[in-house]
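**Student:** My structure is stored as target.pdb, with PDB, C-alpha atoms.
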```
ATOM      1  CA  MET X 574      40.867 -39.672  32.456
ATOM      2  CA  ASP X 575      39.272 -43.065  31.828
ATOM      3  CA  LYS X 576      39.056 -44.782  28.460
ATOM      4  CA  LYS X 577      35.472 -43.627  27.857
ATOM      5  CA  ASP X 578      36.417 -39.950  28.362
ATOM      6  CA  LYS X 579      39.377 -40.306  26.021
ATOM      7  CA  VAL X 580      37.160 -41.780  23.278
ATOM      8  CA  ARG X 581      34.662 -38.924  23.676
ATOM      9  CA  ARG X 582      37.495 -36.371  23.444
ATOM     10  CA  GLU X 583      38.879 -38.011  20.298
ATOM     11  CA  ASP X 584      35.408 -38.046  18.755
ATOM     12  CA  ALA X 585      35.144 -34.320  19.453
ATOM     13  CA  VAL X 586      38.248 -33.548  17.369
ATOM     14  CA  LYS X 587      37.134 -31.757  14.224
ATOM     15  CA  VAL X 588      38.445 -33.663  11.244
ATOM     16  CA  ARG X 589      39.124 -31.484   8.229
ATOM     17  CA  LYS X 590      38.738 -33.249   4.904
ATOM     18  CA  LEU X 591      40.735 -31.716   2.064
ATOM     19  CA  LEU X 592      40.782 -32.775  -1.578
ATOM     20  CA  PHE X 593      43.383 -31.326  -3.962
ATOM     21  CA  VAL X 594      42.487 -31.374  -7.663
ATOM     22  CA  CYS X 595      44.398 -30.737 -10.881
ATOM     23  CA  LEU X 596      43.911 -31.832 -14.475
ATOM     24  CA  GLY X 597      45.274 -35.392 -14.431
ATOM     25  CA  ASN X 598      46.250 -36.011 -10.783
ATOM     26  CA  ILE X 599      49.900 -36.752 -11.552
ATOM     27  CA  CYS X 600      51.722 -33.453 -10.896
ATOM     28  CA  ARG X 601      50.224 -30.637  -8.843
ATOM     29  CA  SER X 602      47.445 -32.283  -6.836
ATOM     30  CA  PRO X 603      49.445 -35.301  -5.603
ATOM     31  CA  ALA X 604      52.248 -32.866  -4.712
ATOM     32  CA  ALA X 605      49.780 -30.773  -2.701
ATOM     33  CA  GLU X 606      48.413 -33.925  -1.053
ATOM     34  CA  GLY X 607      51.939 -35.017  -0.086
ATOM     35  CA  VAL X 608      53.080 -31.591   1.089
ATOM     36  CA  MET X 609      49.942 -31.058   3.186
ATOM     37  CA  ALA X 610      50.199 -34.538   4.711
ATOM     38  CA  HIS X 611      53.828 -33.788   5.605
ATOM     39  CA  MET X 612      52.907 -30.444   7.168
ATOM     40  CA  VAL X 613      50.088 -31.823   9.304
ATOM     41  CA  ARG X 614      52.362 -34.668  10.470
ATOM     42  CA  GLU X 615      55.062 -32.148  11.394
ATOM     43  CA  ALA X 616      52.456 -30.101  13.288
ATOM     44  CA  GLY X 617      51.293 -33.221  15.149
ATOM     45  CA  VAL X 618      47.703 -32.892  13.927
ATOM     46  CA  GLU X 619      47.502 -35.715  11.385
ATOM     47  CA  ARG X 620      44.535 -37.252  13.253
ATOM     48  CA  GLU X 621      42.602 -34.080  12.495
ATOM     49  CA  PHE X 622      42.909 -34.359   8.717
ATOM     50  CA  VAL X 623      41.844 -36.499   5.800
ATOM     51  CA  ILE X 624      43.866 -35.501   2.745
ATOM     52  CA  ASP X 625      43.448 -36.824  -0.789
ATOM     53  CA  SER X 626      43.881 -35.773  -4.396
ATOM     54  CA  ALA X 627      42.081 -36.352  -7.680
ATOM     55  CA  GLY X 628      42.138 -35.316 -11.309
ATOM     56  CA  ILE X 629      39.468 -33.859 -13.538
ATOM     57  CA  GLY X 630      40.233 -36.381 -16.285
ATOM     58  CA  GLY X 631      40.628 -40.112 -15.978
ATOM     59  CA  TRP X 632      43.648 -40.528 -18.261
ATOM     60  CA  HIS X 633      46.073 -41.487 -15.485
ATOM     61  CA  ILE X 634      43.867 -43.506 -13.109
ATOM     62  CA  GLY X 635      46.014 -45.827 -11.011
ATOM     63  CA  GLN X 636      49.326 -44.234 -11.970
ATOM     64  CA  LEU X 637      51.916 -42.825  -9.586
ATOM     65  CA  PRO X 638      52.654 -39.101  -9.821
ATOM     66  CA  ASP X 639      54.929 -37.928 -12.624
ATOM     67  CA  SER X 640      58.508 -39.083 -11.985
ATOM     68  CA  ARG X 641      59.802 -35.514 -12.247
ATOM     69  CA  MET X 642      57.457 -34.317  -9.487
ATOM     70  CA  ARG X 643      58.343 -37.316  -7.324
ATOM     71  CA  GLU X 644      62.051 -36.545  -7.814
ATOM     72  CA  ARG X 645      61.673 -32.840  -7.007
ATOM     73  CA  GLY X 646      59.594 -33.699  -3.945
ATOM     74  CA  LEU X 647      62.161 -36.189  -2.641
ATOM     75  CA  LEU X 648      64.821 -33.495  -2.821
ATOM     76  CA  ARG X 649      62.681 -31.453  -0.393
ATOM     77  CA  GLY X 650      61.892 -34.372   1.894
ATOM     78  CA  TYR X 651      58.462 -35.328   0.533
ATOM     79  CA  ARG X 652      57.141 -38.643  -0.713
ATOM     80  CA  PHE X 653      54.537 -38.436  -3.453
ATOM     81  CA  ASP X 654      53.248 -41.967  -3.877
ATOM     82  CA  SER X 655      49.465 -41.744  -4.113
ATOM     83  CA  ARG X 656      47.724 -43.285  -7.106
ATOM     84  CA  ALA X 657      45.791 -41.099  -9.529
ATOM     85  CA  ARG X 658      42.021 -41.118  -9.450
ATOM     86  CA  GLN X 659      39.274 -39.052 -11.018
ATOM     87  CA  ILE X 660      37.080 -36.681  -9.031
ATOM     88  CA  SER X 661      33.472 -37.765  -8.582
ATOM     89  CA  ARG X 662      30.273 -36.149  -7.386
ATOM     90  CA  ARG X 663      30.594 -38.127  -4.154
ATOM     91  CA  ASP X 664      33.701 -36.079  -3.330
ATOM     92  CA  PHE X 665      31.451 -33.075  -2.729
ATOM     93  CA  ASP X 666      29.831 -35.028   0.126
ATOM     94  CA  ASP X 667      33.052 -36.547   1.434
ATOM     95  CA  PHE X 668      35.245 -33.419   1.606
ATOM     96  CA  ASP X 669      34.958 -30.072   3.377
ATOM     97  CA  MET X 670      37.140 -28.225   0.904
ATOM     98  CA  ILE X 671      38.144 -28.976  -2.689
ATOM     99  CA  LEU X 672      41.288 -27.076  -3.632
ATOM    100  CA  VAL X 673      42.042 -26.586  -7.312
ATOM    101  CA  MET X 674      45.215 -25.424  -9.000
ATOM    102  CA  ASP X 675      44.048 -23.033 -11.732
ATOM    103  CA  GLY X 676      41.057 -21.278 -13.257
ATOM    104  CA  ASP X 677      40.304 -24.080 -15.719
ATOM    105  CA  ASN X 678      40.273 -26.570 -12.841
ATOM    106  CA  TYR X 679      38.004 -24.233 -10.890
ATOM    107  CA  ARG X 680      35.460 -24.019 -13.713
ATOM    108  CA  ALA X 681      35.519 -27.768 -14.394
ATOM    109  CA  VAL X 682      35.177 -28.798 -10.744
ATOM    110  CA  SER X 683      32.540 -26.153  -9.998
ATOM    111  CA  SER X 684      30.469 -27.423 -12.925
ATOM    112  CA  LEU X 685      30.410 -30.892 -11.313
ATOM    113  CA  ALA X 686      28.994 -29.573  -8.038
ATOM    114  CA  PRO X 687      25.448 -30.839  -7.471
ATOM    115  CA  ASP X 688      24.308 -27.615  -5.756
ATOM    116  CA  GLU X 689      25.445 -24.220  -4.502
ATOM    117  CA  ARG X 690      26.502 -25.541  -1.086
ATOM    118  CA  ALA X 691      28.838 -28.007  -2.802
ATOM    119  CA  ARG X 692      30.087 -25.347  -5.219
ATOM    120  CA  ARG X 693      31.160 -23.169  -2.262
ATOM    121  CA  LYS X 694      33.582 -25.932  -1.218
ATOM    122  CA  VAL X 695      35.684 -25.317  -4.342
ATOM    123  CA  ARG X 696      38.592 -22.958  -3.683
ATOM    124  CA  MET X 697      41.776 -21.960  -5.462
ATOM    125  CA  LEU X 698      44.852 -23.240  -3.627
ATOM    126  CA  VAL X 699      46.659 -19.967  -4.406
ATOM    127  CA  ASP X 700      44.067 -18.148  -2.264
ATOM    128  CA  PHE X 701      46.115 -19.415   0.685
ATOM    129  CA  LEU X 702      49.455 -17.979  -0.440
ATOM    130  CA  PRO X 703      51.011 -15.489   1.959
ATOM    131  CA  GLU X 704      49.753 -11.933   1.660
ATOM    132  CA  GLY X 705      51.512 -10.035  -1.094
ATOM    133  CA  GLU X 706      52.054 -13.072  -3.348
ATOM    134  CA  ALA X 707      50.091 -12.123  -6.460
ATOM    135  CA  VAL X 708      49.876 -15.443  -8.292
ATOM    136  CA  ALA X 709      46.728 -16.453 -10.150
ATOM    137  CA  ALA X 710      47.398 -20.211 -10.355
ATOM    138  CA  VAL X 711      49.758 -23.070  -9.682
ATOM    139  CA  PRO X 712      50.839 -23.588 -13.308
ATOM    140  CA  ASP X 713      50.873 -27.083 -14.764
ATOM    141  CA  PRO X 714      54.526 -28.152 -15.106
ATOM    142  CA  TYR X 715      53.797 -31.269 -17.170
ATOM    143  CA  TYR X 716      55.037 -29.942 -20.521
ATOM    144  CA  GLY X 717      57.820 -27.868 -18.966
ATOM    145  CA  GLY X 718      61.237 -28.490 -17.530
ATOM    146  CA  ILE X 719      62.567 -29.172 -14.061
ATOM    147  CA  SER X 720      62.394 -25.486 -13.120
ATOM    148  CA  ASP X 721      58.628 -25.577 -13.821
ATOM    149  CA  PHE X 722      58.235 -28.483 -11.399
ATOM    150  CA  ASP X 723      60.300 -26.633  -8.793
ATOM    151  CA  TYR X 724      58.212 -23.476  -9.202
ATOM    152  CA  ALA X 725      54.911 -25.374  -8.919
ATOM    153  CA  LEU X 726      56.190 -27.188  -5.843
ATOM    154  CA  THR X 727      57.322 -23.938  -4.220
ATOM    155  CA  LEU X 728      53.852 -22.444  -4.731
ATOM    156  CA  VAL X 729      52.235 -25.604  -3.359
ATOM    157  CA  GLU X 730      54.436 -25.467  -0.245
ATOM    158  CA  LYS X 731      53.654 -21.814   0.441
ATOM    159  CA  ALA X 732      49.921 -22.236  -0.177
ATOM    160  CA  CYS X 733      49.677 -25.400   1.927
ATOM    161  CA  GLY X 734      51.412 -23.572   4.758
ATOM    162  CA  GLY X 735      48.822 -20.813   4.521
ATOM    163  CA  LEU X 736      46.002 -23.332   4.275
ATOM    164  CA  LEU X 737      47.170 -25.145   7.399
ATOM    165  CA  LYS X 738      47.220 -21.859   9.322
ATOM    166  CA  ALA X 739      43.771 -20.962   8.018
ATOM    167  CA  VAL X 740      42.081 -24.229   8.960
ATOM    168  CA  LEU X 741      43.717 -24.538  12.373
TER     169      LEU X 741
END
```
Write the structure described by the file as structure tokens, please.
**Tutor:**
Amino acid sequence: MDKKDKVRREDAVKVRKLLFVCLGNICRSPAAEGVMAHMVREAGVEREFVIDSAGIGGWHIGQLPDSRMRERGLLRGYRFDSRARQISRRDFDDFDMILVMDGDNYRAVSSLAPDERARRKVRMLVDFLPEGEAVAAVPDPYYGGISDFDYALTLVEKACGGLLKAVL
């Protein structure tokens, strides 16, 4: 295969663009971004993905994820070091799927969508949990204890695993 053929083949790779969204972009969504990035790297398909996260509000713009989530992630082999940003209307053009953590996030993000096509990109992350896991949301651990961070992270891991299977 010559260089030209290789470039054409690489261009043909379908890149999936995923945006994870939670309230402030310091707990659940950067965890989902980090977990998904780890999973696609482990699967050897990182060139096929663009993964990012954002928050509905702008309170934490530029901040690292919550130290408790970073700590819990490190214990599982993840690095959560993205900087918080706020979702924008442009994200509906830039991403194929916008994955939210709970019903309030779903309503807020859906209301930002410029049209129905964009609104269909908004999905609940828990929709990708393994069959039989009846969980309505990835709960916000911010005001809870360490066990709340662990539970949210466990749900994120399971759902990201299901998401990876679904999009591949």
**Student:** Excluding stretch 668-674 of chain X and residues on its chain fewer than 4 positions from it, collect all residues at most 7 Å away from it, counting all atoms listed in the file, and give them as JSON, numbers by chain.
**Tutor:** {"X": [589, 590, 591, 592, 593, 594, 595, 664, 678, 679, 694, 695, 696, 697, 698, 710, 711]}
**Student:** Quick one: apply the PyMOL selection byres ((chain X and resi 715) around 10) to the file and drop the selected residues here as number ranges by chain.
**Tutor:** X: 597, 599-601, 639, 641-642, 712-714, 716-719, 721-722
**Student:** When distances are computed from all atoms listed in the file, which of X:Arg620, X:Arg663, X:Arg690, X:His611 shows the smallest separation from X:Tyr651?
**Tutor:** X:His611
**Student:** What is the distance, in Å and to one decimal place, between atom CA of X:Ala657 and atom CA of X:Arg614?
**Tutor:**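 Here the two named atoms are 22.0 Å from each other.
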**Student:** To verify the selection step, state as number ranges by chain which residues the PyMOL selection byres ((chain X and resi 652) around 12) yields on this input.
**Tutor:** X: 603-611, 637-638, 640, 642-651, 653-655
**Student:** Taking into account only C-alpha atoms, which residue in the set X:Trp632, X:Tyr724, X:Phe701, X:Phe665 is nearest to X:Asp688?
**Tutor:** X:Phe665
**Student:** So how far away is atom CA of X:Leu741 from atom CA of X:Val588, in Å?
**Tutor:**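 Distance reported for this atom pair: 10.6 Å.
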**Student:** Return as a PDB file with C-alpha atoms, keeping the file's coordinate frame the set of residues that the PyMOL selection byres ((chain X and resi 735) around 12) yields on the displayed structure.
**Tutor:**
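Full text of selection02.pdb as output:
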```
ATOM      1  CA  MET X 609      49.942 -31.058   3.186  1.00  0.00           C
ATOM      2  CA  MET X 612      52.907 -30.444   7.168  1.00  0.00           C
ATOM      3  CA  LEU X 698      44.852 -23.240  -3.627  1.00  0.00           C
ATOM      4  CA  VAL X 699      46.659 -19.967  -4.406  1.00  0.00           C
ATOM      5  CA  ASP X 700      44.067 -18.148  -2.264  1.00  0.00           C
ATOM      6  CA  PHE X 701      46.115 -19.415   0.685  1.00  0.00           C
ATOM      7  CA  LEU X 702      49.455 -17.979  -0.440  1.00  0.00           C
ATOM      8  CA  PRO X 703      51.011 -15.489   1.959  1.00  0.00           C
ATOM      9  CA  GLU X 704      49.753 -11.933   1.660  1.00  0.00           C
ATOM     10  CA  GLU X 706      52.054 -13.072  -3.348  1.00  0.00           C
ATOM     11  CA  LEU X 728      53.852 -22.444  -4.731  1.00  0.00           C
ATOM     12  CA  VAL X 729      52.235 -25.604  -3.359  1.00  0.00           C
ATOM     13  CA  GLU X 730      54.436 -25.467  -0.245  1.00  0.00           C
ATOM     14  CA  LYS X 731      53.654 -21.814   0.441  1.00  0.00           C
ATOM     15  CA  ALA X 732      49.921 -22.236  -0.177  1.00  0.00           C
ATOM     16  CA  CYS X 733      49.677 -25.400   1.927  1.00  0.00           C
ATOM     17  CA  GLY X 734      51.412 -23.572   4.758  1.00  0.00           C
ATOM     18  CA  LEU X 736      46.002 -23.332   4.275  1.00  0.00           C
ATOM     19  CA  LEU X 737      47.170 -25.145   7.399  1.00  0.00           C
ATOM     20  CA  LYS X 738      47.220 -21.859   9.322  1.00  0.00           C
ATOM     21  CA  ALA X 739      43.771 -20.962   8.018  1.00  0.00           C
ATOM     22  CA  VAL X 740      42.081 -24.229   8.960  1.00  0.00           C
ATOM     23  CA  LEU X 741      43.717 -24.538  12.373  1.00  0.00           C
TER      24      LEU X 741
END
```
**Student:** Rounded to one decimal in Å, what is the spacing between atom CA of X:Ile629 and atom CA of X:Gly705?
**Tutor:**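 Computing it gives 29.5 Å between the two atoms.
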**Student:** When you count all atoms listed in the file, which of these residues is closest to X:Arg656: X:Asp723, X:Glu619, X:Glu689, X:Asp625?
**Tutor:**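 So, comparing all the options, the nearest one is X:Asp625.
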**Student:** Which is closest to X:Ile634 among X:Gly676, X:Ser683, X:Ile660, X:Val613, if we use only C-alpha atoms?
**Tutor:**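 Ranking X:Gly676, X:Ser683, X:Ile660, X:Val613 by distance to X:Ile634, first place goes to X:Ile660.
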**Student:** Of the residues X:Gly635, X:Ala616, X:Arg658, X:Phe622, which is the one nearest to X:Lys587, using all atoms listed in the file?
**Tutor:**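 Nearest candidate to X:Lys587 out of X:Gly635, X:Ala616, X:Arg658, X:Phe622: X:Phe622.
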